[in-house]
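Structure file input-v7.pdb (PDB, C-alpha atoms and all ligand atoms) is printed below.
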ATOM      1  CA  MET A   1     -34.409  39.019 -33.477
ATOM      2  CA  SER A   2     -35.176  39.334 -29.794
ATOM      3  CA  LEU A   3     -32.643  40.699 -27.313
ATOM      4  CA  ALA A   4     -32.275  37.277 -25.722
ATOM      5  CA  GLU A   5     -31.204  35.847 -29.075
ATOM      6  CA  ALA A   6     -28.276  38.273 -29.414
ATOM      7  CA  GLY A   7     -25.399  35.828 -28.964
ATOM      8  CA  ASP A   8     -22.470  38.234 -29.271
ATOM      9  CA  GLU A   9     -21.509  41.924 -29.118
ATOM     10  CA  THR A  10     -22.247  42.549 -32.804
ATOM     11  CA  ALA A  11     -25.739  41.092 -32.607
ATOM     12  CA  LEU A  12     -26.358  43.045 -29.408
ATOM     13  CA  ASP A  13     -25.289  46.315 -31.081
ATOM     14  CA  GLU A  14     -27.527  45.584 -34.047
ATOM     15  CA  TRP A  15     -30.440  45.122 -31.707
ATOM     16  CA  ARG A  16     -29.628  48.297 -29.758
ATOM     17  CA  VAL A  17     -29.337  50.374 -32.957
ATOM     18  CA  ALA A  18     -32.608  48.922 -34.309
ATOM     19  CA  TRP A  19     -34.520  50.048 -31.202
ATOM     20  CA  LEU A  20     -32.558  52.814 -29.537
ATOM     21  CA  GLY A  21     -30.321  54.187 -32.319
ATOM     22  CA  ARG A  22     -30.918  57.509 -34.040
ATOM     23  CA  ARG A  23     -33.232  55.854 -36.533
ATOM     24  CA  GLY A  24     -34.402  53.218 -34.121
ATOM     25  CA  ARG A  25     -37.987  52.218 -33.573
ATOM     26  CA  LEU A  26     -38.302  53.651 -30.073
ATOM     27  CA  THR A  27     -36.477  56.834 -31.108
ATOM     28  CA  ALA A  28     -39.110  57.278 -33.818
ATOM     29  CA  VAL A  29     -41.869  56.944 -31.203
ATOM     30  CA  LEU A  30     -40.191  59.545 -29.000
ATOM     31  CA  ARG A  31     -39.747  61.873 -31.898
ATOM     32  CA  GLY A  32     -43.417  61.472 -32.837
ATOM     33  CA  VAL A  33     -44.540  62.678 -29.418
ATOM     34  CA  ARG A  34     -44.383  66.306 -30.413
ATOM     35  CA  ASP A  35     -46.861  65.670 -33.265
ATOM     36  CA  LEU A  36     -49.499  64.313 -30.878
ATOM     37  CA  PRO A  37     -52.391  66.380 -29.529
ATOM     38  CA  ALA A  38     -51.160  68.333 -26.466
ATOM     39  CA  GLU A  39     -53.239  66.380 -23.952
ATOM     40  CA  GLU A  40     -51.752  63.023 -25.045
ATOM     41  CA  ARG A  41     -48.086  64.127 -25.098
ATOM     42  CA  PRO A  42     -47.291  63.766 -21.369
ATOM     43  CA  ARG A  43     -48.708  60.230 -21.094
ATOM     44  CA  VAL A  44     -47.124  58.866 -24.302
ATOM     45  CA  GLY A  45     -43.862  60.749 -23.676
ATOM     46  CA  ALA A  46     -43.521  59.424 -20.136
ATOM     47  CA  GLY A  47     -44.363  55.848 -21.186
ATOM     48  CA  ALA A  48     -41.889  55.898 -24.080
ATOM     49  CA  ASN A  49     -39.145  57.261 -21.782
ATOM     50  CA  ARG A  50     -39.820  54.539 -19.215
ATOM     51  CA  LEU A  51     -39.631  51.953 -21.987
ATOM     52  CA  LYS A  52     -36.385  53.522 -23.217
ATOM     53  CA  SER A  53     -34.639  53.237 -19.857
ATOM     54  CA  ALA A  54     -35.996  49.676 -19.401
ATOM     55  CA  LEU A  55     -34.532  48.704 -22.790
ATOM     56  CA  GLU A  56     -31.201  50.388 -21.975
ATOM     57  CA  ASP A  57     -31.038  48.462 -18.709
ATOM     58  CA  ALA A  58     -31.829  45.233 -20.535
ATOM     59  CA  VAL A  59     -29.080  45.909 -23.101
ATOM     60  CA  ALA A  60     -26.545  46.612 -20.327
ATOM     61  CA  ALA A  61     -27.533  43.458 -18.447
ATOM     62  CA  HIS A  62     -27.280  41.354 -21.573
ATOM     63  CA  ARG A  63     -23.886  42.856 -22.372
ATOM     64  CA  ALA A  64     -22.609  42.001 -18.875
ATOM     65  CA  GLN A  65     -23.822  38.455 -19.316
ATOM     66  CA  LEU A  66     -22.041  38.114 -22.656
ATOM     67  CA  HIS A  67     -18.820  39.370 -21.038
ATOM     68  CA  ALA A  68     -19.105  36.946 -18.145
ATOM     69  CA  SER A  69     -19.495  33.937 -20.391
ATOM     70  CA  ALA A  70     -16.642  35.118 -22.635
ATOM     71  CA  GLU A  71     -14.384  35.268 -19.543
ATOM     72  CA  HIS A  72     -15.549  31.831 -18.539
ATOM     73  CA  ALA A  73     -14.761  30.414 -21.970
ATOM     74  CA  LYS A  74     -11.303  31.974 -21.742
ATOM     75  CA  SER A  75     -10.594  30.278 -18.391
ATOM     76  CA  ILE A  76     -11.192  26.840 -19.930
ATOM     77  CA  ASP A  77      -8.492  26.619 -22.522
ATOM     78  CA  VAL A  78      -9.356  23.359 -24.226
ATOM     79  CA  SER A  79      -6.051  23.399 -26.078
ATOM     80  CA  LEU A  80      -4.010  23.114 -22.844
ATOM     81  CA  PRO A  81      -2.341  19.732 -22.306
ATOM     82  CA  GLY A  82      -3.947  17.736 -19.469
ATOM     83  CA  ARG A  83      -2.456  17.881 -15.997
ATOM     84  CA  THR A  84      -0.847  14.631 -14.855
ATOM     85  CA  PRO A  85      -2.112  13.749 -11.396
ATOM     86  CA  PRO A  86       0.777  12.801  -9.102
ATOM     87  CA  LEU A  87       1.019   9.006  -8.863
ATOM     88  CA  GLY A  88       2.432   7.126  -5.922
ATOM     89  CA  SER A  89       4.547   4.039  -6.366
ATOM     90  CA  LEU A  90       4.948   0.738  -4.582
ATOM     91  CA  HIS A  91       7.011   0.696  -1.408
ATOM     92  CA  PRO A  92      10.361  -1.128  -1.742
ATOM     93  CA  VAL A  93       9.292  -3.633   0.923
ATOM     94  CA  THR A  94       6.055  -4.314  -0.996
ATOM     95  CA  LEU A  95       8.041  -4.770  -4.216
ATOM     96  CA  THR A  96      10.376  -7.208  -2.488
ATOM     97  CA  ARG A  97       7.574  -9.061  -0.727
ATOM     98  CA  ARG A  98       5.774  -9.528  -4.052
ATOM     99  CA  HIS A  99       8.961 -10.716  -5.712
ATOM    100  CA  LEU A 100       9.531 -13.255  -2.920
ATOM    101  CA  GLU A 101       5.909 -14.416  -3.115
ATOM    102  CA  ARG A 102       6.168 -14.880  -6.883
ATOM    103  CA  THR A 103       9.373 -16.849  -6.496
ATOM    104  CA  PHE A 104       7.812 -19.215  -3.939
ATOM    105  CA  ARG A 105       4.580 -19.520  -5.944
ATOM    106  CA  ASP A 106       6.639 -20.581  -8.939
ATOM    107  CA  MET A 107       8.150 -23.271  -6.709
ATOM    108  CA  GLY A 108       4.687 -24.607  -5.845
ATOM    109  CA  PHE A 109       4.007 -22.870  -2.511
ATOM    110  CA  ASP A 110       0.592 -21.576  -1.432
ATOM    111  CA  VAL A 111       0.422 -18.091   0.113
ATOM    112  CA  VAL A 112      -1.696 -17.428   3.228
ATOM    113  CA  GLU A 113      -1.806 -14.728   5.873
ATOM    114  CA  GLY A 114      -2.403 -14.752   9.612
ATOM    115  CA  PRO A 115      -3.405 -12.291  12.344
ATOM    116  CA  ASP A 116      -1.055  -9.495  13.452
ATOM    117  CA  VAL A 117      -2.604  -9.554  16.932
ATOM    118  CA  GLU A 118      -1.841 -13.047  18.159
ATOM    119  CA  LEU A 119      -2.422 -15.139  21.262
ATOM    120  CA  GLU A 120       0.561 -15.754  23.501
ATOM    121  CA  GLU A 121      -0.250 -19.432  23.119
ATOM    122  CA  TYR A 122       0.401 -19.468  19.368
ATOM    123  CA  ASN A 123       3.257 -16.971  19.316
ATOM    124  CA  PHE A 124       5.126 -18.820  22.074
ATOM    125  CA  ASP A 125       3.731 -21.772  24.058
ATOM    126  CA  ARG A 126       2.718 -24.020  21.211
ATOM    127  CA  LEU A 127       6.007 -23.258  19.493
ATOM    128  CA  ARG A 128       7.668 -24.814  22.557
ATOM    129  CA  ILE A 129       8.532 -21.469  24.128
ATOM    130  CA  PRO A 130       6.672 -21.542  27.482
ATOM    131  CA  ALA A 131       6.643 -18.591  29.879
ATOM    132  CA  GLY A 132       9.988 -18.390  31.635
ATOM    133  CA  HIS A 133      11.813 -20.171  28.802
ATOM    134  CA  PRO A 134      15.035 -18.266  28.112
ATOM    135  CA  ALA A 135      14.276 -18.315  24.388
ATOM    136  CA  ARG A 136      11.525 -15.764  25.010
ATOM    137  CA  ASP A 137      14.328 -13.241  25.276
ATOM    138  CA  MET A 138      14.922 -13.725  21.534
ATOM    139  CA  TRP A 139      11.705 -11.848  20.874
ATOM    140  CA  ASP A 140      11.117  -8.744  22.960
ATOM    141  CA  THR A 141       7.393  -8.532  22.959
ATOM    142  CA  ILE A 142       4.803  -5.789  22.547
ATOM    143  CA  TRP A 143       1.856  -6.964  24.649
ATOM    144  CA  VAL A 144      -1.702  -5.895  23.939
ATOM    145  CA  ALA A 145      -3.340  -4.461  27.065
ATOM    146  CA  ASP A 146      -6.698  -6.135  27.572
ATOM    147  CA  ASP A 147      -8.938  -7.107  30.468
ATOM    148  CA  ALA A 148      -8.885 -10.824  29.698
ATOM    149  CA  GLY A 149      -5.094 -10.942  29.887
ATOM    150  CA  ASP A 150      -5.020  -8.893  33.091
ATOM    151  CA  ASN A 151      -7.493 -11.286  34.721
ATOM    152  CA  GLY A 152      -5.586 -14.441  33.984
ATOM    153  CA  GLY A 153      -7.297 -15.132  30.668
ATOM    154  CA  PRO A 154      -5.493 -15.590  27.346
ATOM    155  CA  ARG A 155      -2.896 -12.906  26.763
ATOM    156  CA  GLN A 156      -2.566 -11.182  23.405
ATOM    157  CA  LEU A 157       0.446  -9.599  21.753
ATOM    158  CA  LEU A 158       1.621  -8.222  18.434
ATOM    159  CA  ARG A 159       3.172 -11.286  16.834
ATOM    160  CA  THR A 160       6.935 -11.203  17.114
ATOM    161  CA  HIS A 161       7.341 -13.562  14.147
ATOM    162  CA  THR A 162       5.170 -15.333  11.570
ATOM    163  CA  SER A 163       5.895 -18.762  13.076
ATOM    164  CA  PRO A 164       2.534 -18.949  14.973
ATOM    165  CA  MET A 165       1.007 -19.567  11.543
ATOM    166  CA  GLN A 166       2.828 -22.922  11.457
ATOM    167  CA  ILE A 167       0.538 -24.021  14.297
ATOM    168  CA  ARG A 168      -2.588 -22.388  12.894
ATOM    169  CA  TYR A 169      -2.039 -23.900   9.466
ATOM    170  CA  LEU A 170      -1.396 -27.376  10.882
ATOM    171  CA  GLU A 171      -4.687 -27.118  12.775
ATOM    172  CA  ARG A 172      -6.625 -26.792   9.547
ATOM    173  CA  ARG A 173      -4.673 -28.590   6.848
ATOM    174  CA  GLN A 174      -3.423 -32.085   6.221
ATOM    175  CA  PRO A 175      -0.094 -32.893   4.540
ATOM    176  CA  PRO A 176       1.241 -32.518   1.963
ATOM    177  CA  ILE A 177       1.749 -28.905   3.074
ATOM    178  CA  ARG A 178       3.787 -26.369   1.178
ATOM    179  CA  VAL A 179       2.932 -22.838   2.196
ATOM    180  CA  ILE A 180       4.464 -19.429   2.838
ATOM    181  CA  VAL A 181       3.057 -16.787   5.180
ATOM    182  CA  PRO A 182       4.102 -13.181   4.572
ATOM    183  CA  GLY A 183       3.226 -10.677   7.292
ATOM    184  CA  THR A 184       4.183  -7.815   9.562
ATOM    185  CA  CYS A 185       5.848  -8.565  12.911
ATOM    186  CA  TYR A 186       6.578  -6.317  15.865
ATOM    187  CA  ARG A 187       9.317  -6.273  18.459
ATOM    188  CA  TYR A 188       9.891  -4.187  21.520
ATOM    189  CA  GLU A 189      13.307  -3.239  20.399
ATOM    190  CA  ALA A 190      15.718  -0.305  20.228
ATOM    191  CA  THR A 191      16.239   0.554  16.569
ATOM    192  CA  ASP A 192      19.539   0.779  14.759
ATOM    193  CA  ALA A 193      20.750   0.376  11.181
ATOM    194  CA  THR A 194      19.753  -3.302  11.073
ATOM    195  CA  HIS A 195      16.873  -3.461  13.595
ATOM    196  CA  GLU A 196      13.399  -1.983  13.399
ATOM    197  CA  TRP A 197      10.533  -2.448  15.847
ATOM    198  CA  MET A 198       8.284  -3.303  12.878
ATOM    199  CA  LEU A 199       9.400  -5.747  10.220
ATOM    200  CA  THR A 200       8.049  -8.037   7.548
ATOM    201  CA  GLN A 201       8.667 -11.770   7.625
ATOM    202  CA  ILE A 202       7.941 -14.608   5.274
ATOM    203  CA  GLU A 203       7.390 -17.909   7.019
ATOM    204  CA  GLY A 204       7.669 -21.166   5.125
ATOM    205  CA  LEU A 205       6.268 -24.548   6.127
ATOM    206  CA  VAL A 206       6.651 -27.822   4.263
ATOM    207  CA  ILE A 207       5.297 -31.104   5.698
ATOM    208  CA  ASP A 208       5.099 -34.439   3.935
ATOM    209  CA  GLU A 209       6.190 -38.035   4.247
ATOM    210  CA  ASN A 210       9.926 -38.729   4.296
ATOM    211  CA  LEU A 211      11.230 -35.189   4.148
ATOM    212  CA  SER A 212      14.811 -34.743   5.350
ATOM    213  CA  PHE A 213      17.275 -31.936   5.897
ATOM    214  CA  ALA A 214      18.387 -32.494   2.296
ATOM    215  CA  HIS A 215      14.960 -31.266   1.148
ATOM    216  CA  LEU A 216      15.324 -28.177   3.308
ATOM    217  CA  LYS A 217      18.752 -27.446   1.845
ATOM    218  CA  GLY A 218      17.747 -28.160  -1.719
ATOM    219  CA  THR A 219      14.597 -26.032  -1.513
ATOM    220  CA  LEU A 220      16.249 -23.040   0.119
ATOM    221  CA  GLU A 221      19.284 -23.130  -2.152
ATOM    222  CA  ALA A 222      17.016 -23.260  -5.193
ATOM    223  CA  PHE A 223      15.068 -20.322  -3.796
ATOM    224  CA  VAL A 224      18.189 -18.239  -3.142
ATOM    225  CA  ARG A 225      19.491 -18.905  -6.647
ATOM    226  CA  ARG A 226      16.182 -17.809  -8.198
ATOM    227  CA  MET A 227      16.220 -14.736  -6.006
ATOM    228  CA  PHE A 228      19.853 -13.612  -6.232
ATOM    229  CA  GLY A 229      21.247 -15.362  -9.295
ATOM    230  CA  ALA A 230      22.669 -18.778 -10.152
ATOM    231  CA  ASP A 231      26.182 -18.205  -8.832
ATOM    232  CA  ILE A 232      25.289 -16.938  -5.366
ATOM    233  CA  GLU A 233      27.332 -18.603  -2.595
ATOM    234  CA  THR A 234      25.386 -19.974   0.385
ATOM    235  CA  ARG A 235      26.224 -21.464   3.740
ATOM    236  CA  PHE A 236      24.210 -23.208   6.469
ATOM    237  CA  ARG A 237      25.264 -22.819  10.083
ATOM    238  CA  CYS A 238      23.824 -24.289  13.253
ATOM    239  CA  ASP A 239      21.316 -22.093  15.005
ATOM    240  CA  TYR A 240      18.740 -22.623  17.716
ATOM    241  CA  PHE A 241      14.995 -22.107  17.612
ATOM    242  CA  PRO A 242      12.833 -24.096  20.067
ATOM    243  CA  PHE A 243      10.347 -25.135  17.358
ATOM    244  CA  VAL A 244      12.875 -26.803  15.038
ATOM    245  CA  GLU A 245      15.417 -29.566  15.495
ATOM    246  CA  PRO A 246      17.986 -29.243  14.129
ATOM    247  CA  GLY A 247      17.940 -25.519  13.515
ATOM    248  CA  ALA A 248      20.100 -23.520  11.134
ATOM    249  CA  GLU A 249      20.639 -20.132   9.599
ATOM    250  CA  LEU A 250      21.211 -19.611   5.916
ATOM    251  CA  GLY A 251      23.739 -17.029   4.872
ATOM    252  CA  VAL A 252      24.592 -15.699   1.433
ATOM    253  CA  ARG A 253      27.849 -14.108   0.365
ATOM    254  CA  TRP A 254      27.082 -10.578  -0.642
ATOM    255  CA  GLN A 255      29.794  -8.206  -1.809
ATOM    256  CA  GLY A 256      32.414 -10.191   0.064
ATOM    257  CA  ASP A 257      30.510 -10.501   3.358
ATOM    258  CA  TRP A 258      28.375 -13.327   4.734
ATOM    259  CA  LEU A 259      24.845 -12.144   5.441
ATOM    260  CA  GLU A 260      22.226 -14.099   7.305
ATOM    261  CA  VAL A 261      18.997 -14.146   5.277
ATOM    262  CA  LEU A 262      16.842 -16.613   7.172
ATOM    263  CA  GLY A 263      16.414 -18.975  10.086
ATOM    264  CA  CYS A 264      15.273 -22.523   9.368
ATOM    265  CA  GLY A 265      15.182 -26.100  10.579
ATOM    266  CA  MET A 266      13.317 -29.391  10.681
ATOM    267  CA  VAL A 267       9.902 -28.963  12.320
ATOM    268  CA  HIS A 268      10.152 -30.320  15.869
ATOM    269  CA  PRO A 269       8.521 -33.789  16.169
ATOM    270  CA  GLU A 270       6.479 -32.589  19.161
ATOM    271  CA  ILE A 271       4.848 -29.941  16.972
ATOM    272  CA  ILE A 272       3.982 -32.581  14.380
ATOM    273  CA  GLU A 273       2.554 -34.777  17.125
ATOM    274  CA  ASP A 274       0.549 -31.891  18.665
ATOM    275  CA  ALA A 275      -1.010 -31.419  15.225
ATOM    276  CA  GLY A 276      -2.338 -34.994  15.423
ATOM    277  CA  LEU A 277       0.131 -36.399  12.913
ATOM    278  CA  ASP A 278       2.465 -39.353  13.339
ATOM    279  CA  PRO A 279       6.015 -37.909  13.571
ATOM    280  CA  ASP A 280       7.496 -41.204  12.395
ATOM    281  CA  ARG A 281       5.621 -40.818   9.160
ATOM    282  CA  TYR A 282       5.464 -37.059   8.692
ATOM    283  CA  THR A 283       8.420 -34.725   8.793
ATOM    284  CA  GLY A 284       9.089 -31.335   7.353
ATOM    285  CA  PHE A 285      10.935 -28.086   7.561
ATOM    286  CA  ALA A 286      10.217 -24.447   8.289
ATOM    287  CA  PHE A 287      11.990 -21.193   7.617
ATOM    288  CA  GLY A 288      11.518 -17.525   8.341
ATOM    289  CA  MET A 289      13.155 -14.608   6.598
ATOM    290  CA  GLY A 290      13.181 -10.861   6.994
ATOM    291  CA  VAL A 291      11.827  -9.091   3.930
ATOM    292  CA  GLU A 292      13.493  -5.762   4.812
ATOM    293  CA  ARG A 293      16.827  -7.542   4.927
ATOM    294  CA  VAL A 294      16.278  -8.880   1.403
ATOM    295  CA  ALA A 295      15.113  -5.432   0.219
ATOM    296  CA  MET A 296      18.305  -3.904   1.639
ATOM    297  CA  LEU A 297      20.345  -6.357  -0.434
ATOM    298  CA  ARG A 298      18.305  -5.833  -3.601
ATOM    299  CA  TYR A 299      18.388  -2.056  -3.526
ATOM    300  CA  GLY A 300      21.614  -1.370  -1.649
ATOM    301  CA  VAL A 301      19.822   0.292   1.286
ATOM    302  CA  ARG A 302      22.241   0.604   4.206
ATOM    303  CA  ASP A 303      19.889   1.521   7.036
ATOM    304  CA  ILE A 304      16.661  -0.399   7.701
ATOM    305  CA  ARG A 305      15.121   2.687   9.349
ATOM    306  CA  HIS A 306      14.741   4.379   5.960
ATOM    307  CA  PHE A 307      11.869   2.054   5.110
ATOM    308  CA  TYR A 308       9.334   3.389   7.596
ATOM    309  CA  ARG A 309      10.360   7.031   7.841
ATOM    310  CA  ASN A 310       8.058   7.973   4.958
ATOM    311  CA  ASP A 311      10.592  10.390   3.509
ATOM    312  CA  VAL A 312       9.368  10.854  -0.071
ATOM    313  CA  ARG A 313      12.921  11.561  -1.243
ATOM    314  CA  PHE A 314      13.760   7.980  -0.275
ATOM    315  CA  LEU A 315      10.507   6.465  -1.551
ATOM    316  CA  ARG A 316      10.604   8.240  -4.952
ATOM    317  CA  GLN A 317      13.784   6.366  -5.807
ATOM    318  CA  PHE A 318      11.682   3.226  -6.252
ATOM    319  CA  GLU A 319       9.282   4.683  -8.815
ATOM    320  CA  GLY A 320       9.024   2.360 -11.769
ATOM    321  CA  ARG A 321      11.120  -0.356 -10.125
ATOM    322  CA  ARG A 322      10.164  -3.946  -9.670
TER     323      ARG A 322
HETATM  324  N1  LIG A 401      10.627 -17.306  13.654
HETATM  325  C1  LIG A 401      12.051 -17.219  13.629
HETATM  326  C2  LIG A 401      12.465 -15.782  13.919
HETATM  327  O1  LIG A 401      11.652 -14.929  13.984
HETATM  328  C3  LIG A 401      12.612 -17.660  12.290
HETATM  329  C4  LIG A 401      12.394 -19.129  12.019
HETATM  330  C5  LIG A 401      11.273 -19.554  11.351
HETATM  331  C6  LIG A 401      13.362 -20.060  12.373
HETATM  332  C7  LIG A 401      11.076 -20.887  11.069
HETATM  333  C8  LIG A 401      13.177 -21.390  12.095
HETATM  334  C9  LIG A 401      12.051 -21.821  11.454
HETATM  335  O2  LIG A 401      13.631 -15.500  14.106
END
As structure tokens, what does this structure read like?
Ligand code: PHE
Amino acid sequence: MSLAEAGDETALDEWRVAWLGRRGRLTAVLRGVRDLPAEERPRVGAGANRLKSALEDAVAAHRAQLHASAEHAKSIDVSLPGRTPPLGSLHPVTLTRRHLERTFRDMGFDVVEGPDVELEEYNFDRLRIPAGHPARDMWDTIWVADDAGDNGGPRQLLRTHTSPMQIRYLERRQPPIRVIVPGTCYRYEATDATHEWMLTQIEGLVIDENLSFAHLKGTLEAFVRRMFGADIETRFRCDYFPFVEPGAELGVRWQGDWLEVLGCGMVHPEIIEDAGLDPDRYTGFAFGMGVERVAMLRYGVRDIRHFYRNDVRFLRQFEGRR
């Protein structure tokens, strides 16, 4: 056996004894020195001693190596249970948005998205909210600073609602249209328990021949029942949005109180006409709801500002929820 083959302490000791022990092979050589002719003794003696210390060094080095790998083996305890990496979970607004999307998909709606950075034209003008129109005050706007806008070109903003996608979708698609548009919206707004400067909306747009307010009511009531249960109480009240006529808000009765969940109305005939469609033939309805508002109802969250504070103590409560 060579020294390199000594795989453990016992084998190493065997090797050391065989060469360097009292009856070892090198010890025998050293002992034989005295029997040599006097003139050969110094040369053989010195060589054998050099060999002896080389072998001792090699044994020590090999022993150190064996120790090091034994330590290494100890530090990997293959019997330890695996460590579970920390897993994140879906945000309550994401959970709610997905639930809403599923509900509308089941009702036959397509799902599309639009740009967060929008042109003033789509966010306002083409929704019948021209500059100077008092309704612009309904949406305090975060404008995007850019050279084009400063030089009289098209101005850009962070969309204040998902309604601009009504116009964009009508530009590309022909009726029948049945689509929802989930997305983030932004408002230049002081925050409080029910207002955030960033929010998620789901826009709905339905256009076809002979649609009436009864279709709007029927569709939204069916949606609310799927979402909140069959015996939920609902109410429609008049409301005003420049891009619908008539306009309404839908409220649900939640723990005794009426809560507004969405704005809605019949798409304004001018918008249908601008899209190149005959408003005597095509009609439809639109709605827009706040996803955070629905999430607050679902999970009993009392302050909308919790959603975007990124406090893990809040977020962990939604682990494993749907
Ligand atoms: N866009 C409106 C809002 O942000 C909601 C709305 C959408 C109202 C569609 C009517 C029709 O408040």
Which residues form the shell of 9 Å around ligand LIG 401 (chain A) when you count all atoms listed in the file, given as a PDB file with C-alpha atoms, keeping the file's coordinate frame?
ATOM      1  CA  MET A 138      14.922 -13.725  21.534  1.00  0.00           C
ATOM      2  CA  TRP A 139      11.705 -11.848  20.874  1.00  0.00           C
ATOM      3  CA  THR A 160       6.935 -11.203  17.114  1.00  0.00           C
ATOM      4  CA  HIS A 161       7.341 -13.562  14.147  1.00  0.00           C
ATOM      5  CA  THR A 162       5.170 -15.333  11.570  1.00  0.00           C
ATOM      6  CA  SER A 163       5.895 -18.762  13.076  1.00  0.00           C
ATOM      7  CA  PRO A 164       2.534 -18.949  14.973  1.00  0.00           C
ATOM      8  CA  GLN A 166       2.828 -22.922  11.457  1.00  0.00           C
ATOM      9  CA  CYS A 185       5.848  -8.565  12.911  1.00  0.00           C
ATOM     10  CA  GLN A 201       8.667 -11.770   7.625  1.00  0.00           C
ATOM     11  CA  ILE A 202       7.941 -14.608   5.274  1.00  0.00           C
ATOM     12  CA  GLU A 203       7.390 -17.909   7.019  1.00  0.00           C
ATOM     13  CA  GLY A 204       7.669 -21.166   5.125  1.00  0.00           C
ATOM     14  CA  LEU A 205       6.268 -24.548   6.127  1.00  0.00           C
ATOM     15  CA  ASP A 239      21.316 -22.093  15.005  1.00  0.00           C
ATOM     16  CA  TYR A 240      18.740 -22.623  17.716  1.00  0.00           C
ATOM     17  CA  PHE A 241      14.995 -22.107  17.612  1.00  0.00           C
ATOM     18  CA  PRO A 242      12.833 -24.096  20.067  1.00  0.00           C
ATOM     19  CA  PHE A 243      10.347 -25.135  17.358  1.00  0.00           C
ATOM     20  CA  VAL A 244      12.875 -26.803  15.038  1.00  0.00           C
ATOM     21  CA  GLY A 247      17.940 -25.519  13.515  1.00  0.00           C
ATOM     22  CA  ALA A 248      20.100 -23.520  11.134  1.00  0.00           C
ATOM     23  CA  GLU A 249      20.639 -20.132   9.599  1.00  0.00           C
ATOM     24  CA  LEU A 262      16.842 -16.613   7.172  1.00  0.00           C
ATOM     25  CA  GLY A 263      16.414 -18.975  10.086  1.00  0.00           C
ATOM     26  CA  CYS A 264      15.273 -22.523   9.368  1.00  0.00           C
ATOM     27  CA  GLY A 265      15.182 -26.100  10.579  1.00  0.00           C
ATOM     28  CA  MET A 266      13.317 -29.391  10.681  1.00  0.00           C
ATOM     29  CA  VAL A 267       9.902 -28.963  12.320  1.00  0.00           C
ATOM     30  CA  PHE A 285      10.935 -28.086   7.561  1.00  0.00           C
ATOM     31  CA  ALA A 286      10.217 -24.447   8.289  1.00  0.00           C
ATOM     32  CA  PHE A 287      11.990 -21.193   7.617  1.00  0.00           C
ATOM     33  CA  GLY A 288      11.518 -17.525   8.341  1.00  0.00           C
ATOM     34  CA  MET A 289      13.155 -14.608   6.598  1.00  0.00           C
ATOM     35  CA  GLY A 290      13.181 -10.861   6.994  1.00  0.00           C
TER      36      GLY A 290
END
Quiz item: Quick one: residues within 9 Å of region 39-55 of chain A, only C-alpha atoms counted, chain neighbours fewer than 4 positions away excluded, as a list of chain:residue names?
Solution: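 Once the adjacent positions are removed, what remains is A:Arg16, A:Trp19, A:Leu20, A:Leu26, A:Thr27, A:Val29, A:Leu30, A:Val33, A:Arg34, A:Asp35, A:Val59, A:Ala60.
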For a quick check of your reading of the model, name the residues lying within 12 Å of the coordinate (-0.5, -19.6, 23.5), counting only C-alpha atoms, and write them as an mmCIF file with C-alpha atoms, in the coordinates of the input.
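The result, written out as out02.cif:
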data_model
loop_
_atom_site.group_PDB
_atom_site.id
_atom_site.type_symbol
_atom_site.label_atom_id
_atom_site.label_comp_id
_atom_site.auth_asym_id
_atom_site.auth_seq_id
_atom_site.Cartn_x
_atom_site.Cartn_y
_atom_site.Cartn_z
ATOM 1 C CA GLU A 118 -1.841 -13.047 18.159
ATOM 2 C CA LEU A 119 -2.422 -15.139 21.262
ATOM 3 C CA GLU A 120 0.561 -15.754 23.501
ATOM 4 C CA GLU A 121 -0.250 -19.432 23.119
ATOM 5 C CA TYR A 122 0.401 -19.468 19.368
ATOM 6 C CA ASN A 123 3.257 -16.971 19.316
ATOM 7 C CA PHE A 124 5.126 -18.820 22.074
ATOM 8 C CA ASP A 125 3.731 -21.772 24.058
ATOM 9 C CA ARG A 126 2.718 -24.020 21.211
ATOM 10 C CA LEU A 127 6.007 -23.258 19.493
ATOM 11 C CA ARG A 128 7.668 -24.814 22.557
ATOM 12 C CA ILE A 129 8.532 -21.469 24.128
ATOM 13 C CA PRO A 130 6.672 -21.542 27.482
ATOM 14 C CA ALA A 131 6.643 -18.591 29.879
ATOM 15 C CA GLY A 149 -5.094 -10.942 29.887
ATOM 16 C CA GLY A 153 -7.297 -15.132 30.668
ATOM 17 C CA PRO A 154 -5.493 -15.590 27.346
ATOM 18 C CA ARG A 155 -2.896 -12.906 26.763
ATOM 19 C CA GLN A 156 -2.566 -11.182 23.405
ATOM 20 C CA LEU A 157 0.446 -9.599 21.753
ATOM 21 C CA ARG A 159 3.172 -11.286 16.834
ATOM 22 C CA PRO A 164 2.534 -18.949 14.973
ATOM 23 C CA ILE A 167 0.538 -24.021 14.297
ATOM 24 C CA ARG A 168 -2.588 -22.388 12.894
#
Self-check item: Between CA of Glu260 (chain A) and CA of Val294 (chain A), distance in Å (one decimal)
Solution: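 Going from CA of Glu260 (chain A) over to CA of Val294 (chain A), I get 9.9 Å.
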Self-check item: Option closest in space to Arg316 (chain A), from A:Met1, A:Ala61, A:Leu90, A:Met165 [counting all atoms listed in the file]
Solution: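 When distances to Arg316 (chain A) are compared using all atoms listed in the file, the smallest one comes from A:Leu90.
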Self-check item: Interatomic distance, CA of Gly88 (chain A) to CA of Arg226 (chain A) (Å, one decimal)
Solution: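 These atoms are spaced 28.6 Å apart.
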Practice problem: Rank A:Leu315, A:Ala230, A:Val93, A:Ala135 by their smallest atom-to-atom distance to Arg293 (chain A), using all atoms listed in the file, and report the top residue only. | Solution: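 Looking at the shortest contact to Arg293 (chain A), the residue is A:Val93.
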Practice problem: Decode the PyMOL selection byres (((chain A and resi 184) around 7) and not hetatm) for the given file into explicit residues and return them as a ChimeraX atom specification. | Solution: /A:116,183,185-186,198-201
